[in-house]
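Peer 1: Pasting in a structure now, in structure tokens, and then I'll have a few things to ask.
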Amino acid sequence: MTSDKFLMFQNRLEKVYRHRLKQAKRLGISCFRVYDHDLPEFPFCVELYKDKIYIAEYKRNHSLTEAAHEEWLTNSLKVVTQVFLQPRENIYLKLRQRKPGKLGQYQKQETAQQEIEVDENGLKFIVNLSDYLDTGLFLDHRTTRQMVKEIAKEKRVLNLFAYTGSFSVYAAAGGAAEVITVDLSNTYLKWAKKNMELNDFLDDAKYKFVQADVLQYLKTIPKHYFDIIIMDPPTFSNSQRMKSVLDIQRDHSELINDCLAGLKSDGQLYFSTNNRSFVLESDKIQSLLIKDITKPTTPFDFEGKLFRRCYLIQK
């Protein structure tokens, strides 16, 4: 690849970084996405976490030899270090599959334990840049989390497929009366609890953590109990700890209806999915109000690049 191509990559990175850094400082956040495959010759996702840089190279078919690919990657990383003024050891590189379900988003990659604390909207979170494919904080839900915080006061909140509990932290920060955090992974529930403790949410009577298969757990929740439910499931999951396979296209209407049964009459469900081919089967959902809130929940650093869908569903 010619030097002109790398210069083009550098110019693009510099321009977007300057613009988004100003927005991030104004919003009080220390982690945001800078670049996402803006140029076809450089299929990367680049995110900044304070002074650390997370890069995911999208897996693709290319005609480069192994040696040529290594040279291209080395030169690309040199550009990144120059733009961000950070040493190579501050860059964490992963290989991300384009198709969902091939490599689980929670699958462990390494054992380096590179954890750092980051800030978002006045709250603190632990991210891990080395050990997993994802970092522990889904940046594309930043605005959705804030939306939940603004309505959470004195509400009972259920966070399903909670991962590291970022929605739970926001709900607690909004003054929720109760927050129940549910995930199948004990590792991520512990991480969620650490995030809650990091923000001084320590009351075990108010903040509960449940290790469970959400498909089964929803059958056990009390009727008309919750004010807010957040559900951000994987597109597909066949974990050995689950009693059945989850396919969000096939299963979403049942999951949503089970959530609605657990909501109060004026309760709200925030449902999202990263399935690019997802079609909401609204005729199967027992709700009179289903609102697509994808656009208003899209953060500044994901405009034009967001593939997840987000819905507000009320009883």
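If you're wondering about the labels, chains in the structure tokens are A, B, ... by order shown, residues count from 1 in each chain, ligands from 1 in order shown.
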Using only C-alpha atoms, which residues sit within 10 Å of Asn275 of chain A once same-chain residues fewer than 5 positions away are excluded, as a list in words?

Peer 2: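 Within the cut-off, the hits are Lys99, Pro100, Pro233, Pro234, Thr235, Phe236, Ile248, Gln249, Phe307, Arg308 and Arg309 of chain A.
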
Peer 1: Considering only C-alpha atoms, return as a list in words whatever protein or nucleic-acid residues lie within 6 Å of Asp213 of chain A, sequence-local ones (same chain, fewer than 2 positions apart) excluded.

Peer 2: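 Counting only the stated atoms, we get Leu184, Leu215, Gln216, Tyr217 and Met242 of chain A.
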
Peer 1: Could you dump the residues just selected with C-alpha atoms as a compact mmCIF listing (two decimals), in the first residue's frame?

Peer 2:
# COMPACT_ATOMS: atom_id res chain seq x y z
CA LEU A 184 -25.81 -15.83 33.14
CA LEU A 215 -35.25 -16.96 29.26
CA GLN A 216 -36.03 -19.05 32.33
CA TYR A 217 -35.76 -16.20 34.84
CA MET A 242 -28.61 -22.31 29.22

Peer 1: List the spatial neighbours of Val169 of chain A as a ChimeraX atom specification - criterion: any atom at most 10 Å away, only C-alpha atoms, same-chain residues fewer than 4 positions off excluded.

Peer 2: /A:123-125,145,149,164-165,173-174,176,179,181,192-193,195-201,207

Peer 1: Taking the backbone alone, and naming residues the way the document does, which bits of segment 52-290 of chain A are strand (DSSP E or B) by DSSP, as a PyMOL selection string?

Peer 2: chain A and resi 52-58+91-96+108+115-120+123-128+132+156-160+178-183+207-211+226-231+236-237+246-247+263-273+289-290

Peer 1: Rounded to one decimal place, report the atom CA of Tyr49 of chain A-atom CA of Thr74 of chain A distance in Å.

Peer 2: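 A separation of 21.2 Å between them.
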
Peer 1: Which residues are close to Asp292 of chain A, i.e. within 9 Å by only C-alpha atoms, leaving aside same-chain residues fewer than 6 positions away? Reply as a list in words.

Peer 2: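 So the residues in contact are Arg309, Cys310, Tyr311, Leu312 and Ile313 of chain A.
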
Peer 1: Could those selected residues go to a file with N, CA and C atoms, as an mmCIF file, in the first residue's frame?

Peer 2:
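Below is the file that was written, part29.cif:
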data_model
loop_
_atom_site.group_PDB
_atom_site.id
_atom_site.type_symbol
_atom_site.label_atom_id
_atom_site.label_comp_id
_atom_site.auth_asym_id
_atom_site.auth_seq_id
_atom_site.Cartn_x
_atom_site.Cartn_y
_atom_site.Cartn_z
ATOM 1 N N ARG A 309 -30.491 -1.619 16.925
ATOM 2 C CA ARG A 309 -31.813 -1.003 16.982
ATOM 3 C C ARG A 309 -32.228 -0.908 18.439
ATOM 4 N N CYS A 310 -32.970 0.133 18.775
ATOM 5 C CA CYS A 310 -33.429 0.319 20.145
ATOM 6 C C CYS A 310 -34.898 0.725 20.131
ATOM 7 N N TYR A 311 -35.682 0.104 21.002
ATOM 8 C CA TYR A 311 -37.118 0.357 21.060
ATOM 9 C C TYR A 311 -37.564 0.659 22.487
ATOM 10 N N LEU A 312 -38.502 1.569 22.604
ATOM 11 C CA LEU A 312 -39.200 1.823 23.858
ATOM 12 C C LEU A 312 -40.583 1.182 23.722
ATOM 13 N N ILE A 313 -40.858 0.219 24.595
ATOM 14 C CA ILE A 313 -42.109 -0.531 24.518
ATOM 15 C C ILE A 313 -42.854 -0.362 25.829
#

Peer 1: Mind checking which residues fall within 7 Å of Gly28 of chain A, counting only C-alpha atoms, ignoring those fewer than 2 positions away in the same chain, and posting them as an MDAnalysis selection string?

Peer 2: chainID A and resid 24:26 30 120:122

Peer 1: What's around Glu178 of chain A at 7 Å? Count only C-alpha atoms, leave out sequence neighbours fewer than 6 positions away in its own chain, and write the answer as a VMD selection string.

Peer 2: chain A and resid 155 to 157 206 to 207

Peer 1: Kindly indicate which residue among A:Leu269, A:Tyr225, A:Glu47, A:Glu41 lies nearest to Leu73 of chain A, using only C-alpha atoms for the distances.

Peer 2: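 Counting only C-alpha atoms, the residue closest to Leu73 of chain A is A:Glu41.
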
Peer 1: Please determine, counting only C-alpha atoms, which residue among A:Ser244, A:Asn90, A:Gln146, A:Ser63 has the shortest atom-to-atom distance to Thr297 of chain A.

Peer 2: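 Result for the nearest residue to Thr297 of chain A: A:Gln146.
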
Peer 1: In Å, with one decimal, what is the gap from atom CA of Leu280 of chain A to atom CA of Leu306 of chain A?

Peer 2: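 Going from atom CA of Leu280 of chain A over to atom CA of Leu306 of chain A covers 17.4 Å.
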
Peer 1: Would you mind reading off the distance between atom CA of Leu21 of chain A and atom CA of Phe9 of chain A, one decimal, in Å?

Peer 2: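 Interatomic distance here is 17.8 Å.
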
Peer 1: Can you pull out every residue from segment 146-186 of chain A that DSSP, working from the backbone, puts in alpha helix (DSSP H), and format the result as a list in words?

Peer 2: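 Alpha helix (DSSP H) members of segment 146-186 of chain A, listed: Gln146, Met147, Val148, Lys149, Glu150, Ile151, Ser166, Phe167, Ser168, Val169, Tyr170, Ala171, Ala172, Ala173 and Asn186 of chain A.
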
Peer 1: Looking at only C-alpha atoms, which of A:Phe138, A:Phe6, A:Phe226, A:Tyr35 is the one that sits closest to Asp301 of chain A?

Peer 2: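 Selected residue with least distance to Asp301 of chain A: A:Tyr35.
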
Peer 1: Let me make sure I understand: among A:Asp227, A:Asn238, A:Arg142, A:Ala261, which one has the smallest atom-to-atom distance to Pro296 of chain A if we use only C-alpha atoms?

Peer 2: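 That would be A:Arg142, the residue with the smallest distance to Pro296 of chain A.
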